[in-house]
file upload.txt (compact mmCIF, C-alpha atoms and all ligand atoms)
# COMPACT_ATOMS: atom_id res chain seq x y z
CA MET A 366 -0.62 15.66 -29.02
CA THR A 367 2.31 13.31 -29.52
CA ALA A 368 2.99 10.17 -27.54
CA VAL A 369 5.86 10.54 -25.08
CA LEU A 370 5.79 6.80 -24.37
CA GLU A 371 4.44 3.85 -26.27
CA LEU A 372 4.45 0.20 -25.20
CA LYS A 373 3.85 -2.24 -28.06
CA ASP A 374 2.92 -5.83 -27.33
CA LEU A 375 5.34 -6.25 -24.40
CA ARG A 376 5.67 -9.77 -23.07
CA LYS A 377 7.57 -10.98 -20.03
CA SER A 378 7.19 -13.97 -17.75
CA TYR A 379 9.09 -15.59 -14.92
CA GLY A 380 8.44 -19.29 -15.47
CA ALA A 381 4.68 -19.70 -15.17
CA ILE A 382 4.20 -16.16 -13.81
CA ILE A 383 3.20 -13.78 -16.60
CA VAL A 384 3.97 -10.16 -15.69
CA ALA A 385 3.42 -8.58 -19.13
CA ASP A 386 0.95 -10.17 -21.52
CA ALA A 387 0.78 -8.35 -24.87
CA LEU A 388 0.90 -5.08 -22.94
CA SER A 389 0.29 -2.06 -25.17
CA TYR A 390 -0.67 1.53 -24.44
CA SER A 391 0.58 5.03 -25.03
CA LEU A 392 1.01 8.15 -22.95
CA GLU A 393 0.53 11.59 -24.44
CA ASP A 394 3.04 14.34 -23.78
CA GLY A 395 2.09 16.07 -20.51
CA GLU A 396 -0.47 13.44 -19.57
CA ALA A 397 -0.82 11.84 -16.11
CA LEU A 398 -1.82 8.17 -16.27
CA GLY A 399 -2.81 6.11 -13.24
CA VAL A 400 -2.22 2.36 -12.99
CA ILE A 401 -4.18 0.12 -10.67
CA GLY A 402 -4.45 -3.63 -10.28
CA PRO A 403 -4.27 -6.36 -7.65
CA ASN A 404 -1.06 -7.25 -5.81
CA GLY A 405 1.27 -9.21 -8.06
CA ALA A 406 -0.52 -8.07 -11.26
CA GLY A 407 2.75 -6.93 -12.88
CA LYS A 408 2.60 -3.17 -12.28
CA THR A 409 6.14 -2.74 -10.92
CA SER A 410 7.37 -5.19 -13.56
CA MET A 411 5.92 -2.84 -16.17
CA PHE A 412 8.07 -0.02 -14.73
CA ASN A 413 11.08 -2.35 -14.82
CA LEU A 414 10.42 -2.97 -18.51
CA ILE A 415 10.00 0.76 -19.25
CA THR A 416 13.14 1.76 -17.36
CA GLY A 417 15.20 -1.14 -18.70
CA THR A 418 16.15 -2.85 -15.44
CA VAL A 419 14.38 -5.90 -16.89
CA GLN A 420 14.35 -6.85 -20.58
CA ALA A 421 11.13 -7.87 -22.28
CA GLN A 422 10.99 -11.25 -24.01
CA SER A 423 9.32 -9.54 -26.95
CA GLY A 424 7.66 -6.26 -27.83
CA ASP A 425 8.99 -2.72 -27.93
CA VAL A 426 9.12 0.46 -25.87
CA TYR A 427 9.19 3.81 -27.69
CA PHE A 428 10.14 7.05 -25.95
CA LYS A 429 9.46 10.29 -27.83
CA GLY A 430 9.00 8.23 -30.98
CA GLN A 431 12.36 6.41 -30.71
CA PRO A 432 12.74 2.71 -29.88
CA ILE A 433 14.52 2.34 -26.51
CA THR A 434 13.99 -1.39 -26.01
CA LYS A 435 17.68 -2.15 -26.55
CA LEU A 436 18.98 0.74 -24.41
CA SER A 437 20.45 0.19 -20.94
CA ALA A 438 18.65 1.47 -17.84
CA ALA A 439 21.28 4.23 -17.47
CA ALA A 440 20.77 5.38 -21.07
CA ARG A 441 16.98 5.44 -20.60
CA CYS A 442 17.43 7.54 -17.48
CA ARG A 443 19.69 10.00 -19.28
CA ALA A 444 17.13 10.12 -22.11
CA GLY A 445 14.57 11.45 -19.61
CA ILE A 446 12.85 8.55 -17.84
CA ALA A 447 13.09 8.49 -14.03
CA ARG A 448 11.25 6.54 -11.38
CA SER A 449 10.59 6.33 -7.69
CA PHE A 450 10.70 2.97 -5.93
CA GLN A 451 7.94 1.43 -3.84
CA ILE A 452 10.37 0.88 -0.98
CA PRO A 453 12.59 3.97 -0.67
CA GLN A 454 16.25 3.02 -0.63
CA PRO A 455 18.22 6.25 -0.35
CA PHE A 456 21.95 6.31 0.35
CA GLY A 457 21.31 6.37 4.09
CA ALA A 458 24.67 7.74 5.23
CA MET A 459 24.58 10.57 2.71
CA SER A 460 22.65 13.81 3.25
CA VAL A 461 19.36 14.55 1.54
CA PHE A 462 21.16 17.08 -0.68
CA GLU A 463 23.86 14.57 -1.63
CA ASN A 464 21.23 11.99 -2.56
CA VAL A 465 19.65 14.42 -5.01
CA LEU A 466 23.10 15.47 -6.23
CA VAL A 467 23.80 11.89 -7.32
CA ALA A 468 20.73 12.06 -9.55
CA ALA A 469 21.57 15.53 -10.84
CA THR A 470 25.10 14.53 -11.84
CA GLN A 471 24.56 10.92 -12.97
CA GLY A 472 21.03 11.29 -14.37
CA ALA A 473 20.77 14.87 -15.60
CA GLY A 474 24.50 15.09 -16.39
CA GLU A 475 24.88 18.40 -14.51
CA SER A 476 28.03 19.47 -12.67
CA GLY A 477 29.33 22.27 -10.47
CA HIS A 478 27.10 25.27 -9.87
CA ALA A 479 24.33 24.07 -12.23
CA ALA A 480 24.07 20.76 -10.35
CA ASN A 481 23.83 22.57 -7.01
CA GLU A 482 21.16 24.93 -8.33
CA LEU A 483 19.13 22.05 -9.73
CA CYS A 484 19.27 20.24 -6.37
CA LEU A 485 18.23 23.34 -4.44
CA ASP A 486 15.27 23.91 -6.79
CA ILE A 487 14.16 20.32 -6.33
CA LEU A 488 14.53 20.41 -2.54
CA GLU A 489 12.37 23.52 -2.55
CA GLN A 490 9.77 21.94 -4.84
CA THR A 491 9.59 18.73 -2.81
CA GLY A 492 9.49 20.44 0.59
CA LEU A 493 12.82 19.04 1.73
CA MET A 494 14.91 22.20 1.95
CA ALA A 495 14.88 22.25 5.76
CA ARG A 496 16.23 18.69 5.73
CA ALA A 497 18.93 19.25 3.08
CA ASN A 498 21.81 18.42 5.42
CA ALA A 499 20.09 15.65 7.35
CA PRO A 500 21.33 12.08 6.80
CA ALA A 501 18.80 10.36 4.52
CA GLY A 502 18.80 7.32 6.83
CA GLY A 503 17.08 9.35 9.57
CA LEU A 504 14.11 10.65 7.57
CA THR A 505 10.44 10.05 8.40
CA LEU A 506 8.32 8.00 5.98
CA LEU A 507 6.87 11.12 4.31
CA GLU A 508 10.34 12.61 3.99
CA ARG A 509 11.66 9.37 2.47
CA LYS A 510 8.79 9.40 -0.04
CA ARG A 511 9.59 13.02 -0.85
CA LEU A 512 13.24 12.10 -1.26
CA GLU A 513 12.25 9.33 -3.70
CA LEU A 514 10.43 11.97 -5.71
CA ALA A 515 13.34 14.42 -5.38
CA ARG A 516 15.88 11.84 -6.55
CA ALA A 517 13.75 11.03 -9.57
CA LEU A 518 13.37 14.74 -10.36
CA GLY A 519 17.14 15.16 -10.01
CA ALA A 520 17.53 13.29 -13.29
CA ARG A 521 15.43 16.07 -14.86
CA PRO A 522 12.94 13.62 -16.38
CA SER A 523 10.33 14.34 -19.00
CA LEU A 524 8.64 11.09 -17.94
CA LEU A 525 8.26 10.38 -14.22
CA LEU A 526 7.21 6.92 -13.01
CA LEU A 527 5.82 6.84 -9.46
CA ASP A 528 5.49 3.47 -7.71
CA GLU A 529 3.07 3.52 -4.76
CA ILE A 530 4.47 6.76 -3.43
CA ALA A 531 1.38 7.48 -1.29
CA GLY A 532 1.35 4.10 0.50
CA GLY A 533 1.55 4.27 4.29
CA LEU A 534 1.05 8.04 4.59
CA THR A 535 -1.53 9.75 6.79
CA GLU A 536 -4.34 11.56 4.97
CA GLN A 537 -2.72 14.92 5.66
CA GLU A 538 0.66 13.73 4.40
CA CYS A 539 -1.05 12.24 1.37
CA GLN A 540 -2.74 15.56 0.51
CA SER A 541 0.55 17.37 0.83
CA LEU A 542 2.26 14.86 -1.49
CA ILE A 543 -0.59 15.16 -4.02
CA ALA A 544 -0.04 18.93 -4.11
CA THR A 545 3.65 18.40 -4.85
CA ILE A 546 2.94 15.84 -7.59
CA ASN A 547 0.39 18.18 -9.18
CA ASP A 548 3.03 20.89 -9.08
CA VAL A 549 5.53 18.63 -10.86
CA ARG A 550 2.89 17.75 -13.41
CA ALA A 551 2.11 21.45 -14.01
CA SER A 552 5.79 21.96 -14.86
CA GLY A 553 5.22 19.78 -17.95
CA VAL A 554 6.46 16.38 -16.75
CA SER A 555 4.45 13.40 -18.02
CA ILE A 556 3.55 10.96 -15.24
CA ILE A 557 2.63 7.31 -14.84
CA TRP A 558 1.58 6.58 -11.27
CA ILE A 559 1.00 3.10 -9.85
CA GLU A 560 -1.04 3.45 -6.67
CA HIS A 561 -3.31 1.49 -4.35
CA VAL A 562 -4.42 4.71 -2.61
CA VAL A 563 -7.01 5.33 -5.30
CA HIS A 564 -8.32 8.68 -4.06
CA ALA A 565 -4.77 10.10 -4.27
CA LEU A 566 -4.47 8.84 -7.82
CA LEU A 567 -7.81 10.31 -8.82
CA ALA A 568 -6.69 13.75 -7.56
CA VAL A 569 -3.97 13.80 -10.22
CA VAL A 570 -4.50 11.53 -13.22
CA ASP A 571 -6.39 12.10 -16.49
CA ARG A 572 -6.76 8.45 -17.36
CA LEU A 573 -6.55 5.05 -15.69
CA ILE A 574 -5.44 1.64 -16.84
CA VAL A 575 -6.08 -1.57 -14.94
CA ILE A 576 -3.63 -4.46 -15.05
CA ASP A 577 -4.30 -8.03 -14.00
CA PHE A 578 -1.98 -11.01 -14.67
CA GLY A 579 0.17 -8.71 -16.81
CA ARG A 580 -2.77 -7.86 -19.08
CA LYS A 581 -4.36 -4.48 -19.55
CA ILE A 582 -7.98 -5.27 -18.74
CA ALA A 583 -9.40 -1.73 -18.81
CA GLU A 584 -8.40 1.74 -19.89
CA GLY A 585 -10.31 5.03 -19.85
CA GLN A 586 -11.61 7.98 -17.85
CA PRO A 587 -11.03 7.46 -14.10
CA ASP A 588 -14.72 7.70 -13.12
CA GLU A 589 -15.78 5.24 -15.83
CA ILE A 590 -13.04 2.80 -14.87
CA MET A 591 -13.86 2.92 -11.17
CA ALA A 592 -17.56 2.37 -11.95
CA SER A 593 -16.86 -0.61 -14.23
CA ARG A 594 -18.25 -3.92 -12.99
CA GLU A 595 -15.22 -5.87 -14.28
CA VAL A 596 -12.82 -3.59 -12.42
CA GLN A 597 -14.82 -3.75 -9.21
CA GLU A 598 -14.90 -7.53 -9.48
CA ILE A 599 -11.22 -8.03 -10.25
CA TYR A 600 -9.61 -5.18 -8.38
CA LEU A 601 -11.87 -4.49 -5.44
CA GLY A 602 -12.99 -8.09 -4.95
CA ILE A 603 -16.69 -7.23 -5.37
CA GLU A 604 -18.59 -10.06 -7.00
CA ALA A 605 -20.53 -9.39 -10.20
CA GLY A 606 -24.22 -8.98 -9.39
CA ALA A 607 -23.52 -7.86 -5.81
N1 LIG A 701 12.62 -11.23 -10.79
C1 LIG A 701 11.54 -11.96 -10.56
N2 LIG A 701 11.61 -13.29 -10.51
C2 LIG A 701 10.50 -14.05 -10.31
N3 LIG A 701 9.27 -13.56 -10.09
C3 LIG A 701 9.14 -12.22 -10.12
C4 LIG A 701 10.25 -11.35 -10.34
N4 LIG A 701 9.80 -10.08 -10.30
C5 LIG A 701 8.48 -10.14 -10.05
N5 LIG A 701 8.10 -11.42 -9.94
C6 LIG A 701 6.72 -11.88 -9.69
O1 LIG A 701 5.92 -11.29 -10.69
C7 LIG A 701 4.64 -10.97 -10.16
C8 LIG A 701 4.35 -9.49 -10.43
O2 LIG A 701 5.18 -8.71 -9.58
P1 LIG A 701 5.09 -7.13 -9.57
O3 LIG A 701 5.98 -6.64 -8.48
O4 LIG A 701 5.30 -6.60 -10.93
O5 LIG A 701 3.56 -6.91 -9.16
P2 LIG A 701 2.78 -5.60 -8.71
O6 LIG A 701 1.56 -5.53 -9.55
O7 LIG A 701 3.69 -4.42 -8.74
O8 LIG A 701 2.38 -5.95 -7.21
P3 LIG A 701 2.18 -5.02 -5.90
O9 LIG A 701 0.92 -4.24 -6.10
O10 LIG A 701 2.07 -6.01 -4.80
O11 LIG A 701 3.41 -4.15 -5.77
C9 LIG A 701 4.66 -11.34 -8.68
O12 LIG A 701 4.10 -12.63 -8.55
C10 LIG A 701 6.15 -11.37 -8.37
O13 LIG A 701 6.43 -12.25 -7.31
call {"tool": "encode", "arguments": {"input": "upload.txt", "output": "structure tokens"}}
result
Amino acid sequence: MTAVLELKDLRKSYGAIIVADALSYSLEDGEALGVIGPNGAGKTSMFNLITGTVQAQSGDVYFKGQPITKLSAAARCRAGIARSFQIPQPFGAMSVFENVLVAATQGAGESGHAANELCLDILEQTGLMARANAPAGGLTLLERKRLELARALGARPSLLLLDEIAGGLTEQECQSLIATINDVRASGVSIIWIEHVVHALLAVVDRLIVIDFGRKIAEGQPDEIMASREVQEIYLGIEAGA
């Protein structure tokens, strides 16, 4: 398998706050990687560095073998990297369909009939078809999360970055979202998913990494990572020896 994404020795800090500390890892094509870590560990910052909304102080990001560190966020999106945001911020006065259309035209570069078809496929896939003409500002939390996913998919990504998309959902809503994400994954999209709702993550990902103070402190099979004493101590707040 080839790496779809590779982070090499990324470093970024805001004054004394280190959000990426020699951060390196790679993601295989078609893989789903989960990211966990305490609040403020630098997880969203890592997405900002991958998508190019924030520039690293040093280090490199490779996408499909090409360096993208110097590319703008828009160019990275058009190259095939799309993300959802932790706090959904759709264009509230626009319809659900129009929100996805923005991604299809600006991200995937589609127009006319092809753009419409792409949006309809995505609304179907994300369970939003019945809400296509509803103003995005009036959606429920689950619908807003689905719209975050739909907008990201509108850019027709080969790498999808999900930022705490399961947070705040009921268990039933969470299961329904997991099914949709597994469906996206089965279509061949590589995924990195930051999530505090660990059981949702474990229903999708092949591998986990743990980040603390911008450092990757563990990486491996999900069950091994969750059983690790260091992870339990740092992430779950369980003291060693307890
Ligand atoms: N632009 C910025 N300027 C200054 N500090 C920042 C900036 N962006 C993030 N930070 C700080 O960097 C740290 C890491 O933030 P980040 O959002 O990446 O953490 P996180 O792991 O995603 O946290 P959470 O799980 O709570 O979402 C936090 O202390 C945050 O306040």
call {"tool": "closest_atom_pairs", "arguments": {"input": "upload.txt", "of": "chain A", "to": "ligand LIG 701 (chain A)", "cutoff": "12 Å", "atoms": "all atoms listed in the file", "output": "JSON lines"}}
result
{"residue": "A:Lys377", "atom": "CA", "partner": "A:LIG701", "partner_atom": "O1", "distance": 9.5}
{"residue": "A:Ser378", "atom": "CA", "partner": "A:LIG701", "partner_atom": "O1", "distance": 7.7}
{"residue": "A:Tyr379", "atom": "CA", "partner": "A:LIG701", "partner_atom": "C2", "distance": 5.1}
{"residue": "A:Gly380", "atom": "CA", "partner": "A:LIG701", "partner_atom": "C2", "distance": 7.6}
{"residue": "A:Ala381", "atom": "CA", "partner": "A:LIG701", "partner_atom": "N3", "distance": 9.2}
{"residue": "A:Ile382", "atom": "CA", "partner": "A:LIG701", "partner_atom": "O1", "distance": 6.0}
{"residue": "A:Ile383", "atom": "CA", "partner": "A:LIG701", "partner_atom": "O1", "distance": 7.0}
{"residue": "A:Val384", "atom": "CA", "partner": "A:LIG701", "partner_atom": "C8", "distance": 5.3}
{"residue": "A:Ala385", "atom": "CA", "partner": "A:LIG701", "partner_atom": "O4", "distance": 8.6}
{"residue": "A:Asp386", "atom": "CA", "partner": "A:LIG701", "partner_atom": "C8", "distance": 11.6}
{"residue": "A:Val400", "atom": "CA", "partner": "A:LIG701", "partner_atom": "O6", "distance": 9.4}
{"residue": "A:Ile401", "atom": "CA", "partner": "A:LIG701", "partner_atom": "O9", "distance": 8.1}
{"residue": "A:Gly402", "atom": "CA", "partner": "A:LIG701", "partner_atom": "O6", "distance": 6.3}
{"residue": "A:Pro403", "atom": "CA", "partner": "A:LIG701", "partner_atom": "O9", "distance": 5.8}
{"residue": "A:Asn404", "atom": "CA", "partner": "A:LIG701", "partner_atom": "O10", "distance": 3.5}
{"residue": "A:Gly405", "atom": "CA", "partner": "A:LIG701", "partner_atom": "O5", "distance": 3.4}
{"residue": "A:Ala406", "atom": "CA", "partner": "A:LIG701", "partner_atom": "O6", "distance": 3.7}
{"residue": "A:Gly407", "atom": "CA", "partner": "A:LIG701", "partner_atom": "O4", "distance": 3.2}
{"residue": "A:Lys408", "atom": "CA", "partner": "A:LIG701", "partner_atom": "O6", "distance": 3.8}
{"residue": "A:Thr409", "atom": "CA", "partner": "A:LIG701", "partner_atom": "O7", "distance": 3.7}
{"residue": "A:Ser410", "atom": "CA", "partner": "A:LIG701", "partner_atom": "O4", "distance": 3.6}
{"residue": "A:Met411", "atom": "CA", "partner": "A:LIG701", "partner_atom": "O4", "distance": 6.5}
{"residue": "A:Phe412", "atom": "CA", "partner": "A:LIG701", "partner_atom": "O4", "distance": 8.1}
{"residue": "A:Asn413", "atom": "CA", "partner": "A:LIG701", "partner_atom": "O4", "distance": 8.2}
{"residue": "A:Leu414", "atom": "CA", "partner": "A:LIG701", "partner_atom": "O4", "distance": 9.8}
{"residue": "A:Thr418", "atom": "CA", "partner": "A:LIG701", "partner_atom": "N1", "distance": 10.2}
{"residue": "A:Val419", "atom": "CA", "partner": "A:LIG701", "partner_atom": "N1", "distance": 8.3}
{"residue": "A:Gln420", "atom": "CA", "partner": "A:LIG701", "partner_atom": "N1", "distance": 10.9}
{"residue": "A:Phe450", "atom": "CA", "partner": "A:LIG701", "partner_atom": "O11", "distance": 10.2}
{"residue": "A:Gln451", "atom": "CA", "partner": "A:LIG701", "partner_atom": "O11", "distance": 7.4}
{"residue": "A:Ile452", "atom": "CA", "partner": "A:LIG701", "partner_atom": "O11", "distance": 9.8}
{"residue": "A:Leu527", "atom": "CA", "partner": "A:LIG701", "partner_atom": "O7", "distance": 11.5}
{"residue": "A:Asp528", "atom": "CA", "partner": "A:LIG701", "partner_atom": "O11", "distance": 8.1}
{"residue": "A:Glu529", "atom": "CA", "partner": "A:LIG701", "partner_atom": "O11", "distance": 7.7}
{"residue": "A:Ile530", "atom": "CA", "partner": "A:LIG701", "partner_atom": "O11", "distance": 11.2}
{"residue": "A:Gly532", "atom": "CA", "partner": "A:LIG701", "partner_atom": "O11", "distance": 10.6}
{"residue": "A:Trp558", "atom": "CA", "partner": "A:LIG701", "partner_atom": "O7", "distance": 11.5}
{"residue": "A:Ile559", "atom": "CA", "partner": "A:LIG701", "partner_atom": "O7", "distance": 8.1}
{"residue": "A:Glu560", "atom": "CA", "partner": "A:LIG701", "partner_atom": "O9", "distance": 8.0}
{"residue": "A:His561", "atom": "CA", "partner": "A:LIG701", "partner_atom": "O9", "distance": 7.3}
{"residue": "A:Val562", "atom": "CA", "partner": "A:LIG701", "partner_atom": "O9", "distance": 11.0}
{"residue": "A:Val575", "atom": "CA", "partner": "A:LIG701", "partner_atom": "O6", "distance": 10.2}
{"residue": "A:Ile576", "atom": "CA", "partner": "A:LIG701", "partner_atom": "O6", "distance": 7.6}
{"residue": "A:Asp577", "atom": "CA", "partner": "A:LIG701", "partner_atom": "O6", "distance": 7.8}
{"residue": "A:Phe578", "atom": "CA", "partner": "A:LIG701", "partner_atom": "C8", "distance": 7.8}
{"residue": "A:Gly579", "atom": "CA", "partner": "A:LIG701", "partner_atom": "C8", "distance": 7.7}
{"residue": "A:Arg580", "atom": "CA", "partner": "A:LIG701", "partner_atom": "O6", "distance": 10.7}
{"residue": "A:Lys581", "atom": "CA", "partner": "A:LIG701", "partner_atom": "O6", "distance": 11.7}
{"residue": "A:Tyr600", "atom": "CA", "partner": "A:LIG701", "partner_atom": "O9", "distance": 10.8}
call {"tool": "closest_residue", "arguments": {"input": "upload.txt", "among": "A:Ile415, A:Leu485, A:Ala531, A:Ala583", "to": "A:Ala447", "atoms": "only C-alpha atoms"}}
result
A:Ile415
call {"tool": "closest_residue", "arguments": {"input": "upload.txt", "among": "A:Asp374, A:Glu393, A:Glu595, A:Glu482", "to": "A:Ser555", "atoms": "all atoms listed in the file"}}
result
A:Glu393
call {"tool": "closest_residue", "arguments": {"input": "upload.txt", "among": "A:Ala473, A:Met494, A:Val461, A:Val570", "to": "A:Arg509", "atoms": "only C-alpha atoms"}}
result
A:Val461
call {"tool": "atom_distance", "arguments": {"input": "upload.txt", "atom1": "atom CA of A:Arg441", "atom2": "atom CA of A:Gly492"}}
result
27.0 Å
call {"tool": "residues_around", "arguments": {"input": "upload.txt", "residues": "A:Leu493", "least_positions_apart": "2", "cutoff": "9 Å", "atoms": "all atoms listed in the file", "output": "compact mmCIF listing (two decimals) with C-alpha atoms, in the frame of the given file"}}
result
# COMPACT_ATOMS: atom_id res chain seq x y z
CA VAL A 461 19.36 14.55 1.54
CA PHE A 462 21.16 17.08 -0.68
CA ILE A 487 14.16 20.32 -6.33
CA LEU A 488 14.53 20.41 -2.54
CA GLU A 489 12.37 23.52 -2.55
CA GLN A 490 9.77 21.94 -4.84
CA THR A 491 9.59 18.73 -2.81
CA ALA A 495 14.88 22.25 5.76
CA ARG A 496 16.23 18.69 5.73
CA ALA A 497 18.93 19.25 3.08
CA GLU A 508 10.34 12.61 3.99
CA ARG A 511 9.59 13.02 -0.85
CA LEU A 512 13.24 12.10 -1.26
CA ALA A 515 13.34 14.42 -5.38
call {"tool": "closest_residue", "arguments": {"input": "upload.txt", "among": "A:Ile556, A:Leu504, A:Ala368, A:Leu518", "to": "A:Met459", "atoms": "all atoms listed in the file"}}
result
A:Leu504
call {"tool": "closest_residue", "arguments": {"input": "upload.txt", "among": "A:Ile574, A:Ala468, A:Val426, A:Ala458", "to": "A:Gly502", "atoms": "all atoms listed in the file"}}
result
A:Ala458
call {"tool": "decode", "arguments": {"input": "upload.txt", "residues": "stretch 391-402 of chain A", "atoms": "N, CA and C atoms", "output": "PDB file, in the first residue's frame"}}
result
ATOM      1  N   SER A 391       2.165   8.407   9.015  1.00  0.00           N
ATOM      2  CA  SER A 391       1.634   8.312   7.659  1.00  0.00           C
ATOM      3  C   SER A 391       0.326   7.542   7.657  1.00  0.00           C
ATOM      4  N   LEU A 392      -0.451   7.778   6.618  1.00  0.00           N
ATOM      5  CA  LEU A 392      -1.758   7.154   6.449  1.00  0.00           C
ATOM      6  C   LEU A 392      -1.752   6.413   5.121  1.00  0.00           C
ATOM      7  N   GLU A 393      -2.067   5.134   5.173  1.00  0.00           N
ATOM      8  CA  GLU A 393      -2.097   4.354   3.932  1.00  0.00           C
ATOM      9  C   GLU A 393      -3.356   4.677   3.133  1.00  0.00           C
ATOM     10  N   ASP A 394      -3.271   4.469   1.841  1.00  0.00           N
ATOM     11  CA  ASP A 394      -4.421   4.705   0.975  1.00  0.00           C
ATOM     12  C   ASP A 394      -5.582   3.801   1.409  1.00  0.00           C
ATOM     13  N   GLY A 395      -6.737   4.375   1.661  1.00  0.00           N
ATOM     14  CA  GLY A 395      -7.913   3.605   2.051  1.00  0.00           C
ATOM     15  C   GLY A 395      -8.014   3.317   3.540  1.00  0.00           C
ATOM     16  N   GLU A 396      -7.020   3.768   4.297  1.00  0.00           N
ATOM     17  CA  GLU A 396      -7.011   3.489   5.739  1.00  0.00           C
ATOM     18  C   GLU A 396      -7.902   4.481   6.502  1.00  0.00           C
ATOM     19  N   ALA A 397      -8.404   4.043   7.657  1.00  0.00           N
ATOM     20  CA  ALA A 397      -9.123   4.947   8.574  1.00  0.00           C
ATOM     21  C   ALA A 397      -8.330   5.004   9.875  1.00  0.00           C
ATOM     22  N   LEU A 398      -7.866   6.200  10.201  1.00  0.00           N
ATOM     23  CA  LEU A 398      -7.022   6.416  11.378  1.00  0.00           C
ATOM     24  C   LEU A 398      -7.787   7.249  12.397  1.00  0.00           C
ATOM     25  N   GLY A 399      -7.803   6.815  13.638  1.00  0.00           N
ATOM     26  CA  GLY A 399      -8.443   7.583  14.704  1.00  0.00           C
ATOM     27  C   GLY A 399      -7.404   8.370  15.487  1.00  0.00           C
ATOM     28  N   VAL A 400      -7.808   9.553  15.954  1.00  0.00           N
ATOM     29  CA  VAL A 400      -6.903  10.393  16.754  1.00  0.00           C
ATOM     30  C   VAL A 400      -7.599  10.731  18.056  1.00  0.00           C
ATOM     31  N   ILE A 401      -6.942  10.408  19.158  1.00  0.00           N
ATOM     32  CA  ILE A 401      -7.468  10.788  20.467  1.00  0.00           C
ATOM     33  C   ILE A 401      -6.398  11.566  21.226  1.00  0.00           C
ATOM     34  N   GLY A 402      -6.835  12.202  22.296  1.00  0.00           N
ATOM     35  CA  GLY A 402      -5.908  12.977  23.123  1.00  0.00           C
ATOM     36  C   GLY A 402      -6.707  13.953  23.954  1.00  0.00           C
TER      37      GLY A 402
END
